$ cat coords_2.cif   # mmCIF, C-alpha atoms
data_entry
loop_
_atom_site.label_atom_id
_atom_site.label_comp_id
_atom_site.auth_asym_id
_atom_site.auth_seq_id
_atom_site.Cartn_x
_atom_site.Cartn_y
_atom_site.Cartn_z
CA MET A 138 15.47 4.34 6.83
CA ALA A 139 15.27 7.88 5.52
CA HIS A 140 16.69 6.72 2.19
CA ALA A 141 14.16 3.89 1.98
CA ARG A 142 11.25 6.28 2.61
CA ARG A 143 12.11 8.14 -0.58
CA GLY A 144 10.73 5.22 -2.55
CA LEU A 145 7.27 5.18 -0.94
CA GLY A 146 4.62 5.17 -3.65
CA ARG A 147 7.18 4.72 -6.41
CA THR A 148 8.78 1.26 -6.38
CA THR A 149 5.95 -1.30 -6.68
CA PRO A 150 6.25 -4.21 -7.37
CA ASN A 151 9.64 -3.83 -5.68
CA PRO A 152 10.11 -2.99 -1.99
CA VAL A 153 11.41 0.35 -0.74
CA VAL A 154 15.09 0.03 0.15
CA GLY A 155 17.81 2.33 1.41
CA ALA A 156 21.52 1.67 1.77
CA CYS A 157 24.75 3.38 2.77
CA VAL A 158 28.46 2.50 2.77
CA VAL A 159 30.50 3.34 5.90
CA THR A 160 34.27 3.07 6.12
CA ALA A 161 36.18 1.48 8.99
CA ASP A 162 36.71 4.95 10.48
CA GLU A 163 32.92 5.56 10.39
CA VAL A 164 32.73 7.91 7.43
CA VAL A 165 29.70 7.61 5.15
CA VAL A 166 31.10 7.45 1.61
CA GLY A 167 28.03 6.41 -0.34
CA ASP A 168 24.29 6.14 -0.01
CA GLY A 169 21.39 5.19 -2.21
CA SER A 170 17.64 4.77 -2.46
CA HIS A 171 15.76 2.46 -4.80
CA GLU A 172 13.49 4.83 -6.67
CA ARG A 173 11.69 2.87 -9.38
CA ALA A 174 11.26 -0.75 -10.47
CA GLY A 175 13.74 -1.54 -13.24
CA GLU A 176 16.24 1.05 -12.04
CA ALA A 177 19.35 0.51 -9.92
CA HIS A 178 18.86 -0.89 -6.44
CA ALA A 179 19.85 1.10 -3.36
CA GLU A 180 22.94 -1.03 -2.68
CA VAL A 181 24.30 -0.50 -6.18
CA LEU A 182 23.77 3.26 -6.01
CA ALA A 183 25.56 3.41 -2.65
CA LEU A 184 28.47 1.34 -3.97
CA ASP A 185 28.72 3.46 -7.12
CA GLU A 186 28.99 6.61 -5.02
CA ALA A 187 31.54 5.04 -2.69
CA GLY A 188 33.75 3.81 -5.54
CA ASP A 189 37.12 2.44 -4.36
CA ARG A 190 36.35 3.55 -0.80
CA ALA A 191 33.88 0.67 -0.53
CA ARG A 192 36.74 -1.83 -0.16
CA GLY A 193 37.02 -2.87 3.47
CA SER A 194 33.86 -0.94 4.39
CA THR A 195 30.47 -1.92 5.84
CA LEU A 196 27.27 -1.79 3.82
CA TYR A 197 24.12 -0.96 5.78
CA CYS A 198 20.81 -1.74 4.06
CA THR A 199 17.17 -1.96 5.05
CA LEU A 200 16.55 -5.27 3.24
CA GLU A 201 18.52 -8.39 2.35
CA PRO A 202 20.46 -7.80 -0.92
CA CYS A 203 18.98 -9.65 -3.87
CA VAL A 204 20.73 -12.72 -5.25
CA HIS A 205 18.69 -13.27 -8.42
CA THR A 206 18.51 -11.60 -11.81
CA GLY A 207 15.30 -9.71 -12.46
CA ARG A 208 15.15 -6.37 -14.23
CA THR A 209 18.62 -5.75 -12.78
CA GLY A 210 21.49 -8.02 -11.80
CA PRO A 211 22.13 -9.47 -8.32
CA CYS A 212 23.20 -6.94 -5.72
CA THR A 213 25.21 -9.64 -3.95
CA ASP A 214 27.61 -9.85 -6.90
CA ARG A 215 28.25 -6.11 -6.79
CA ILE A 216 28.79 -6.21 -3.02
CA ILE A 217 31.31 -9.04 -3.33
CA ALA A 218 33.15 -7.35 -6.21
CA ALA A 219 33.32 -4.04 -4.34
CA GLY A 220 35.29 -5.60 -1.47
CA ILE A 221 32.70 -4.96 1.25
CA THR A 222 33.70 -6.87 4.39
CA ARG A 223 30.48 -6.60 6.41
CA VAL A 224 26.80 -6.21 5.62
CA VAL A 225 24.28 -5.04 8.24
CA ALA A 226 20.71 -5.62 7.02
CA ALA A 227 17.51 -4.73 8.82
CA MET A 228 15.50 -7.73 7.64
CA GLU A 229 15.42 -10.81 5.45
CA ASP A 230 13.72 -10.43 2.07
CA PRO A 231 10.41 -12.39 2.14
CA ASN A 232 10.54 -12.86 -1.64
CA PRO A 233 10.85 -16.64 -2.25
CA LEU A 234 13.54 -15.88 -4.85
CA VAL A 235 15.73 -14.45 -2.09
CA ARG A 236 14.62 -15.36 1.46
CA GLY A 237 18.05 -15.87 3.05
CA ARG A 238 19.90 -16.86 -0.11
CA GLY A 239 21.41 -13.39 -0.43
CA PHE A 240 22.87 -13.60 3.07
CA ALA A 241 24.15 -17.13 2.40
CA ARG A 242 25.97 -16.03 -0.75
CA LEU A 243 27.65 -13.14 1.03
CA ARG A 244 28.80 -15.41 3.87
CA GLU A 245 30.15 -17.92 1.35
CA HIS A 246 32.50 -15.17 0.19
CA GLY A 247 33.70 -14.34 3.68
CA ILE A 248 31.52 -11.31 4.25
CA ALA A 249 30.19 -10.92 7.80
CA VAL A 250 26.42 -10.50 7.91
CA ASP A 251 24.33 -9.09 10.75
CA VAL A 252 20.53 -9.10 10.50
CA GLY A 253 17.83 -7.39 12.55
CA VAL A 254 19.08 -3.90 13.32
CA GLY A 255 16.06 -1.67 12.70
CA GLY A 256 14.09 -4.70 11.54
CA VAL A 257 10.71 -3.66 12.90
CA GLU A 258 10.84 -0.21 11.29
CA ALA A 259 12.01 -1.68 7.99
CA ALA A 260 9.20 -4.23 7.99
CA ARG A 261 6.60 -1.52 8.65
CA LEU A 262 7.93 0.55 5.73
CA ASN A 263 7.57 -2.50 3.50
CA GLN A 264 4.33 -3.90 4.90
CA PRO A 265 2.61 -3.96 1.46
CA PHE A 266 5.54 -5.88 -0.04
CA VAL A 267 5.74 -8.22 2.96
CA THR A 268 2.00 -8.91 2.90
CA THR A 269 2.07 -9.61 -0.84
CA MET A 270 4.98 -12.03 -0.51
CA ARG A 271 3.64 -13.87 2.55
CA ARG A 272 -0.13 -13.77 2.01
CA GLY A 273 -0.44 -13.55 -1.75
CA ARG A 274 -2.62 -10.44 -1.68
CA PRO A 275 -2.28 -6.67 -1.21
CA PHE A 276 -1.99 -4.93 2.12
CA VAL A 277 -5.54 -3.61 2.74
CA ILE A 278 -6.24 -0.33 4.55
CA LEU A 279 -9.75 0.52 5.68
CA LYS A 280 -10.08 4.31 5.66
CA ALA A 281 -13.07 6.26 6.95
CA ALA A 282 -14.10 9.60 8.39
CA THR A 283 -16.42 9.50 11.37
CA SER A 284 -18.02 11.81 13.90
CA LEU A 285 -17.15 11.67 17.59
CA ASP A 286 -19.92 9.11 18.09
CA GLY A 287 -18.73 6.94 15.21
CA ARG A 288 -21.27 8.11 12.61
CA LEU A 289 -20.41 8.24 8.92
CA ALA A 290 -22.91 11.00 8.10
CA ALA A 291 -25.43 13.32 9.73
CA GLY A 292 -28.29 11.07 8.62
CA LEU A 293 -29.26 8.26 6.30
CA GLY A 294 -28.43 9.11 2.70
CA GLN A 295 -26.96 12.52 3.58
CA ARG A 296 -23.59 13.56 2.16
CA THR A 297 -21.76 15.10 5.09
CA GLN A 298 -18.40 16.86 5.31
CA ILE A 299 -17.02 15.53 8.59
CA THR A 300 -13.35 16.48 8.63
CA SER A 301 -11.23 19.54 7.87
CA LEU A 302 -8.80 20.52 5.12
CA GLN A 303 -5.89 19.33 7.26
CA ALA A 304 -7.38 15.84 7.43
CA GLU A 305 -8.14 15.90 3.71
CA ARG A 306 -4.55 16.84 2.92
CA HIS A 307 -3.26 13.97 5.06
CA SER A 308 -5.64 11.61 3.28
CA HIS A 309 -4.28 12.72 -0.09
CA GLU A 310 -0.74 12.16 1.14
CA LEU A 311 -1.79 8.54 1.63
CA ARG A 312 -3.14 8.50 -1.93
CA ALA A 313 0.30 9.56 -3.10
CA GLN A 314 1.91 6.50 -1.51
CA VAL A 315 -0.41 3.56 -2.23
CA ASP A 316 -1.00 1.56 -5.39
CA ALA A 317 -4.79 1.67 -5.55
CA LEU A 318 -7.96 3.15 -4.07
CA ALA A 319 -11.22 1.20 -3.98
CA VAL A 320 -14.88 2.05 -3.52
CA GLY A 321 -18.14 0.17 -3.82
CA SER A 322 -20.60 0.76 -6.62
CA GLU A 323 -22.99 2.60 -4.28
CA THR A 324 -20.34 5.25 -3.67
CA VAL A 325 -19.91 5.78 -7.41
CA VAL A 326 -23.67 5.96 -7.99
CA VAL A 327 -24.39 8.36 -5.12
CA ASP A 328 -21.21 10.46 -4.80
CA ASP A 329 -19.68 10.20 -8.30
CA PRO A 330 -16.13 10.71 -6.91
CA LEU A 331 -12.98 11.46 -8.90
CA LEU A 332 -10.66 9.41 -6.62
CA THR A 333 -7.63 11.32 -7.82
CA PRO A 334 -4.60 12.43 -5.80
CA ARG A 335 -4.98 16.15 -5.25
CA LEU A 336 -3.31 18.62 -2.87
CA VAL A 337 -0.07 16.56 -3.13
CA TYR A 338 2.21 15.33 -5.91
CA ARG A 339 2.09 11.70 -7.05
CA GLU A 340 4.64 10.39 -9.52
CA ARG A 341 3.02 7.13 -10.68
CA PRO A 342 -0.48 6.52 -12.05
CA LEU A 343 -3.01 5.70 -9.32
CA THR A 344 -5.26 2.71 -9.94
CA ARG A 345 -8.91 3.21 -8.98
CA VAL A 346 -10.98 0.09 -8.27
CA VAL A 347 -14.77 -0.17 -8.18
CA PHE A 348 -16.31 -3.28 -6.64
CA ASP A 349 -19.42 -3.60 -8.76
CA ARG A 350 -20.88 -7.10 -8.94
CA ARG A 351 -24.01 -5.88 -10.80
CA LEU A 352 -22.30 -3.34 -13.13
CA ARG A 353 -24.22 -0.38 -11.73
CA THR A 354 -21.44 2.07 -12.62
CA SER A 355 -22.42 4.53 -15.34
CA PRO A 356 -20.14 5.02 -18.36
CA GLU A 357 -20.72 8.74 -17.69
CA ALA A 358 -19.18 8.56 -14.19
CA ARG A 359 -16.60 11.25 -13.52
CA LEU A 360 -13.99 8.57 -12.87
CA PHE A 361 -13.67 8.08 -16.62
CA SER A 362 -12.73 11.71 -17.14
CA THR A 363 -9.61 11.13 -15.03
CA LEU A 364 -7.98 8.22 -16.86
CA SER A 365 -4.84 10.31 -17.29
CA SER A 366 -4.39 9.90 -13.51
CA GLY A 367 -4.48 6.11 -13.75
CA PRO A 368 -6.60 3.14 -14.80
CA VAL A 369 -10.09 2.35 -13.55
CA ILE A 370 -10.71 -1.33 -12.79
CA ILE A 371 -14.24 -2.61 -12.24
CA VAL A 372 -14.35 -5.85 -10.28
CA THR A 373 -17.48 -7.74 -11.24
CA SER A 374 -18.79 -11.26 -11.82
CA SER A 375 -18.35 -13.25 -14.98
CA GLU A 376 -22.05 -14.08 -14.87
CA THR A 377 -23.00 -10.39 -14.91
CA VAL A 378 -20.75 -9.76 -17.89
CA ARG A 379 -22.35 -12.68 -19.75
CA ARG A 380 -25.86 -11.42 -18.97
CA ALA A 381 -25.20 -7.71 -19.45
CA GLY A 382 -22.80 -7.64 -22.36
CA ALA A 383 -24.03 -4.27 -23.62
CA ARG A 384 -23.39 -2.59 -20.26
CA ALA A 385 -19.98 -4.24 -20.01
CA GLY A 386 -19.11 -3.05 -23.51
CA ALA A 387 -20.20 0.52 -22.74
CA LEU A 388 -17.99 0.61 -19.65
CA GLU A 389 -15.01 -0.71 -21.58
CA ALA A 390 -15.66 1.89 -24.28
CA ALA A 391 -15.59 4.54 -21.54
CA GLY A 392 -12.13 3.33 -20.54
CA ALA A 393 -12.82 0.81 -17.77
CA THR A 394 -10.84 -2.38 -17.37
CA LEU A 395 -13.25 -5.16 -16.37
CA LEU A 396 -11.94 -7.75 -13.95
CA ALA A 397 -14.62 -10.41 -14.28
CA LEU A 398 -14.37 -13.25 -11.76
CA GLU A 399 -16.34 -16.45 -11.42
CA ASN A 400 -16.19 -15.92 -7.67
CA CYS A 401 -15.99 -12.20 -6.86
CA GLY A 402 -16.03 -12.52 -3.08
CA MET A 403 -13.67 -10.11 -1.35
CA GLN A 404 -10.88 -12.60 -0.73
CA ASP A 405 -10.73 -13.80 -4.34
CA ALA A 406 -11.17 -10.28 -5.70
CA VAL A 407 -8.33 -8.84 -3.65
CA ARG A 408 -6.04 -11.71 -4.61
CA ALA A 409 -6.88 -11.07 -8.27
CA LEU A 410 -5.90 -7.43 -7.82
CA GLY A 411 -2.60 -8.61 -6.38
CA HIS A 412 -1.87 -10.36 -9.68
CA LEU A 413 -2.04 -6.90 -11.29
CA GLU A 414 0.94 -5.72 -9.19
CA ILE A 415 -1.25 -3.92 -6.66
CA GLN A 416 0.46 -4.30 -3.29
CA SER A 417 -1.42 -1.68 -1.27
CA LEU A 418 -5.15 -1.07 -1.48
CA VAL A 419 -7.12 1.61 0.38
CA LEU A 420 -10.83 0.95 0.87
CA GLU A 421 -12.40 4.42 0.88
CA GLY A 422 -16.01 3.27 1.21
CA GLY A 423 -18.84 2.96 1.34
CA THR A 424 -20.30 1.15 4.26
CA MET A 425 -21.12 -2.06 2.40
CA LEU A 426 -17.59 -2.40 1.03
CA HIS A 427 -16.07 -1.82 4.45
CA GLN A 428 -18.36 -4.41 6.00
CA ALA A 429 -17.69 -6.99 3.27
CA ALA A 430 -13.92 -6.56 3.62
CA TRP A 431 -14.12 -6.80 7.41
CA ASP A 432 -16.28 -9.92 7.25
CA ALA A 433 -13.83 -11.50 4.78
CA GLY A 434 -10.95 -10.93 7.22
CA ILE A 435 -8.77 -9.07 4.72
CA VAL A 436 -8.44 -5.70 6.48
CA ASP A 437 -4.86 -5.25 7.71
CA TYR A 438 -4.87 -1.62 8.83
CA VAL A 439 -7.45 0.96 9.90
CA GLN A 440 -7.26 4.74 9.47
CA LEU A 441 -10.04 6.74 11.11
CA TYR A 442 -10.30 10.48 10.68
CA VAL A 443 -12.50 11.64 13.55
CA GLY A 444 -14.22 15.03 13.34
CA PRO A 445 -15.18 17.11 16.40
CA THR A 446 -18.97 16.77 15.96
CA ALA A 447 -21.43 14.15 17.25
CA PHE A 448 -24.46 13.38 15.06
CA GLY A 449 -26.47 10.76 16.92
CA GLY A 450 -29.79 9.70 15.46
CA ASP A 451 -30.12 6.93 12.90
CA ALA A 452 -26.99 7.75 10.88
CA PRO A 453 -24.91 4.71 9.89
CA THR A 454 -21.89 3.78 11.98
CA LEU A 455 -18.58 2.31 10.92
CA LEU A 456 -18.91 -1.49 10.53
CA GLN A 457 -22.36 -1.21 12.18
CA GLU A 458 -22.59 -3.78 14.99
CA ARG A 459 -19.53 -5.81 14.06
CA ARG A 460 -16.87 -6.51 16.63
CA PHE A 461 -14.44 -3.65 16.24
CA SER A 462 -12.68 -1.61 18.86
CA ILE A 463 -10.00 1.03 18.53
CA ALA A 464 -8.50 -0.39 21.72
CA SER A 465 -7.88 -3.70 19.95
CA LEU A 466 -5.61 -2.18 17.27
CA PHE A 467 -1.94 -3.14 17.32
CA GLU A 468 0.68 -0.38 17.41
CA PRO A 469 -2.00 2.35 17.55
CA ARG A 470 -1.14 5.92 16.69
CA VAL A 471 -3.09 9.10 17.41
CA GLN A 472 -2.36 12.35 15.59
CA ALA A 473 -4.04 15.75 15.68
CA LEU A 474 -4.92 17.20 12.27
CA GLY A 475 -6.30 20.67 12.92
CA PRO A 476 -9.64 20.18 14.71
CA ASP A 477 -9.68 16.48 13.80
CA VAL A 478 -7.89 13.41 15.12
CA LEU A 479 -6.41 10.55 13.12
CA ILE A 480 -6.54 7.18 14.87
CA GLU A 481 -4.78 4.33 13.09
CA GLY A 482 -3.31 0.91 13.73
CA TYR A 483 -2.98 -2.70 12.59
CA VAL A 484 -5.99 -5.02 12.87
CA HIS A 485 -3.77 -8.00 13.64
CA ARG A 486 -0.17 -8.25 14.76
CA PRO A 487 1.85 -7.36 11.64
CA ASP A 488 4.19 -9.89 10.01
#
$ encode --input "coords_2.cif" --output "structure tokens"
Amino acid sequence: MAHARRGLGRTTPNPVVGACVVTADEVVVGDGSHERAGEAHAEVLALDEAGDRARGSTLYCTLEPCVHTGRTGPCTDRIIAAGITRVVAAMEDPNPLVRGRGFARLREHGIAVDVGVGGVEAARLNQPFVTTMRRGRPFVILKAATSLDGRLAAGLGQRTQITSLQAERHSHELRAQVDALAVGSETVVVDDPLLTPRLVYRERPLTRVVFDRRLRTSPEARLFSTLSSGPVIIVTSSETVRRAGARAGALEAAGATLLALENCGMQDAVRALGHLEIQSLVLEGGTMLHQAAWDAGIVDYVQLYVGPTAFGGDAPTLLQERRFSIASLFEPRVQALGPDVLIEGYVHRPD
């Protein structure tokens, strides 16, 4: 799994995969990690390192070896040619082009195949890929910072720093691993955020998404000064673009990519983003975007950074009066980040 983790934030639209070759006398003679789409797969790298020592050995991998030709050739052919006698895979590949066919081909050539060892951990590492393959949309993470009493700010309309530098650093580590961040138009109008990965290194461009049905985003927004960090996509309605052609043109001139949809409800919008090879999407706010995503039933995971202060009063709360409880999260995790606490978990039982 450690080899697979090396690919986090780097391999989309491919999954993260790790592999190693172990001889009959339990010596690791080759290992590999898939690092970027279009480059060698983990199995091939492990076999290349093992060389002739692969013959008669066992290949361990976190995902079913591919059996189709994409940007690279089938891993199954390389495994067969290398003389591997047994393959131990954590999980079946949910890609319809594979989905058990890789295992079948290996067995046809007399290779023993065992599936399921470390399967849960492997599936969690590849949850964005799994969700995209099975649900036809990105894996959606709702991220928010709240006070102890669940408030998003000290008062209505007040920008409030709730969490510490440690929490901010952790949040930027997440930005280094996902495909896209998203905010609502109100957040751009009020906060004018950069939405760039800072404090940590990110190898690939980071897509920033603004849900803006009415095209309220200004061409002067700071987002457009950061296009070197990645594209800015504005999700809007086709009707708005037809009625406000000048505003649409100004945004495109500023560097925005307009994703104009006849139906720009959250479900259709997120599916459309999936067609752009976005497999993981973090909803950073604001309140209206969080509520719309929750109401549409597309939130898969919740990350709450909880600061040590209670605000009370009339400040907005996360998801307002919607049915949400931390206790209802699946596989919850709690982590201390300096004075703050990160609470996270799946909204529904993961695939």
$ closest_residue --input "coords_2.cif" --among "A:Val164, A:Leu285, A:Val254, A:Val159" --to "Arg223 in chain A" --atoms "all atoms listed in the file"
A:Val159
$ closest_residue --input "coords_2.cif" --among "A:Leu395, A:Ala409, A:Val315, A:Ala259" --to "Arg339 in chain A" --atoms "all atoms listed in the file"
A:Val315
$ closest_residue --input "coords_2.cif" --among "A:Ala393, A:Ile248, A:Ala226, A:Ala290" --to "Ser194 in chain A" --atoms "all atoms listed in the file"
A:Ile248
$ resolve_selection --input "coords_2.cif" --expression "the PyMOL selection byres ((chain A and resi 461) around 12)" --output "ChimeraX atom specification"
/A:287,428,431-432,436,439,454-460,462-466,484-485
$ write_last_selection --input "coords_2.cif" --atoms "C-alpha atoms" --output "mmCIF file, keeping the file's coordinate frame"
data_model
loop_
_atom_site.group_PDB
_atom_site.id
_atom_site.type_symbol
_atom_site.label_atom_id
_atom_site.label_comp_id
_atom_site.auth_asym_id
_atom_site.auth_seq_id
_atom_site.Cartn_x
_atom_site.Cartn_y
_atom_site.Cartn_z
ATOM 1 C CA GLY A 287 -18.730 6.940 15.210
ATOM 2 C CA GLN A 428 -18.360 -4.410 6.000
ATOM 3 C CA TRP A 431 -14.120 -6.800 7.410
ATOM 4 C CA ASP A 432 -16.280 -9.920 7.250
ATOM 5 C CA VAL A 436 -8.440 -5.700 6.480
ATOM 6 C CA VAL A 439 -7.450 0.960 9.900
ATOM 7 C CA THR A 454 -21.890 3.780 11.980
ATOM 8 C CA LEU A 455 -18.580 2.310 10.920
ATOM 9 C CA LEU A 456 -18.910 -1.490 10.530
ATOM 10 C CA GLN A 457 -22.360 -1.210 12.180
ATOM 11 C CA GLU A 458 -22.590 -3.780 14.990
ATOM 12 C CA ARG A 459 -19.530 -5.810 14.060
ATOM 13 C CA ARG A 460 -16.870 -6.510 16.630
ATOM 14 C CA SER A 462 -12.680 -1.610 18.860
ATOM 15 C CA ILE A 463 -10.000 1.030 18.530
ATOM 16 C CA ALA A 464 -8.500 -0.390 21.720
ATOM 17 C CA SER A 465 -7.880 -3.700 19.950
ATOM 18 C CA LEU A 466 -5.610 -2.180 17.270
ATOM 19 C CA VAL A 484 -5.990 -5.020 12.870
ATOM 20 C CA HIS A 485 -3.770 -8.000 13.640
#
$ closest_residue --input "coords_2.cif" --among "A:Gly386, A:Pro368, A:Gly155, A:Pro330" --to "Asp168 in chain A" --atoms "all atoms listed in the file"
A:Gly155
$ residues_near_point --input "coords_2.cif" --point "(-21.5, -5.2, -19.3)" --cutoff "12 Å" --atoms "all atoms listed in the file" --output "PyMOL selection string"
chain A and resi 349-356+371-391+393-397
$ resolve_selection --input "coords_2.cif" --expression "the PyMOL selection byres ((chain A and resi 421-426) around 8)" --output "list of chain:residue names"
A:Leu279, A:Lys280, A:Ala281, A:Leu318, A:Ala319, A:Val320, A:Gly321, A:Glu323, A:Thr324, A:Phe348, A:Val419, A:Leu420, A:His427, A:Gln428, A:Ala429, A:Ala430, A:Leu455, A:Leu456
$ atom_distance --input "coords_2.cif" --atom1 "CA of Val443 in chain A" --atom2 "CA of Ser284 in chain A"
5.5 Å
$ atom_distance --input "coords_2.cif" --atom1 "CA of Ala183 in chain A" --atom2 "CA of Ala156 in chain A"
6.2 Å
$ atom_distance --input "coords_2.cif" --atom1 "CA of Arg147 in chain A" --atom2 "CA of Ala174 in chain A"
7.9 Å
$ residues_around --input "coords_2.cif" --residues "Ala139 in chain A" --least-positions-apart "4" --cutoff "12 Å" --atoms "all atoms listed in the file" --output "PyMOL selection string"
chain A and resi 143-145+153-157+168-171+198-199+255+258-259+262
$ closest_residue --input "coords_2.cif" --among "A:Leu200, A:Ala473, A:Val267, A:Cys212" --to "Val181 in chain A" --atoms "all atoms listed in the file"
A:Cys212
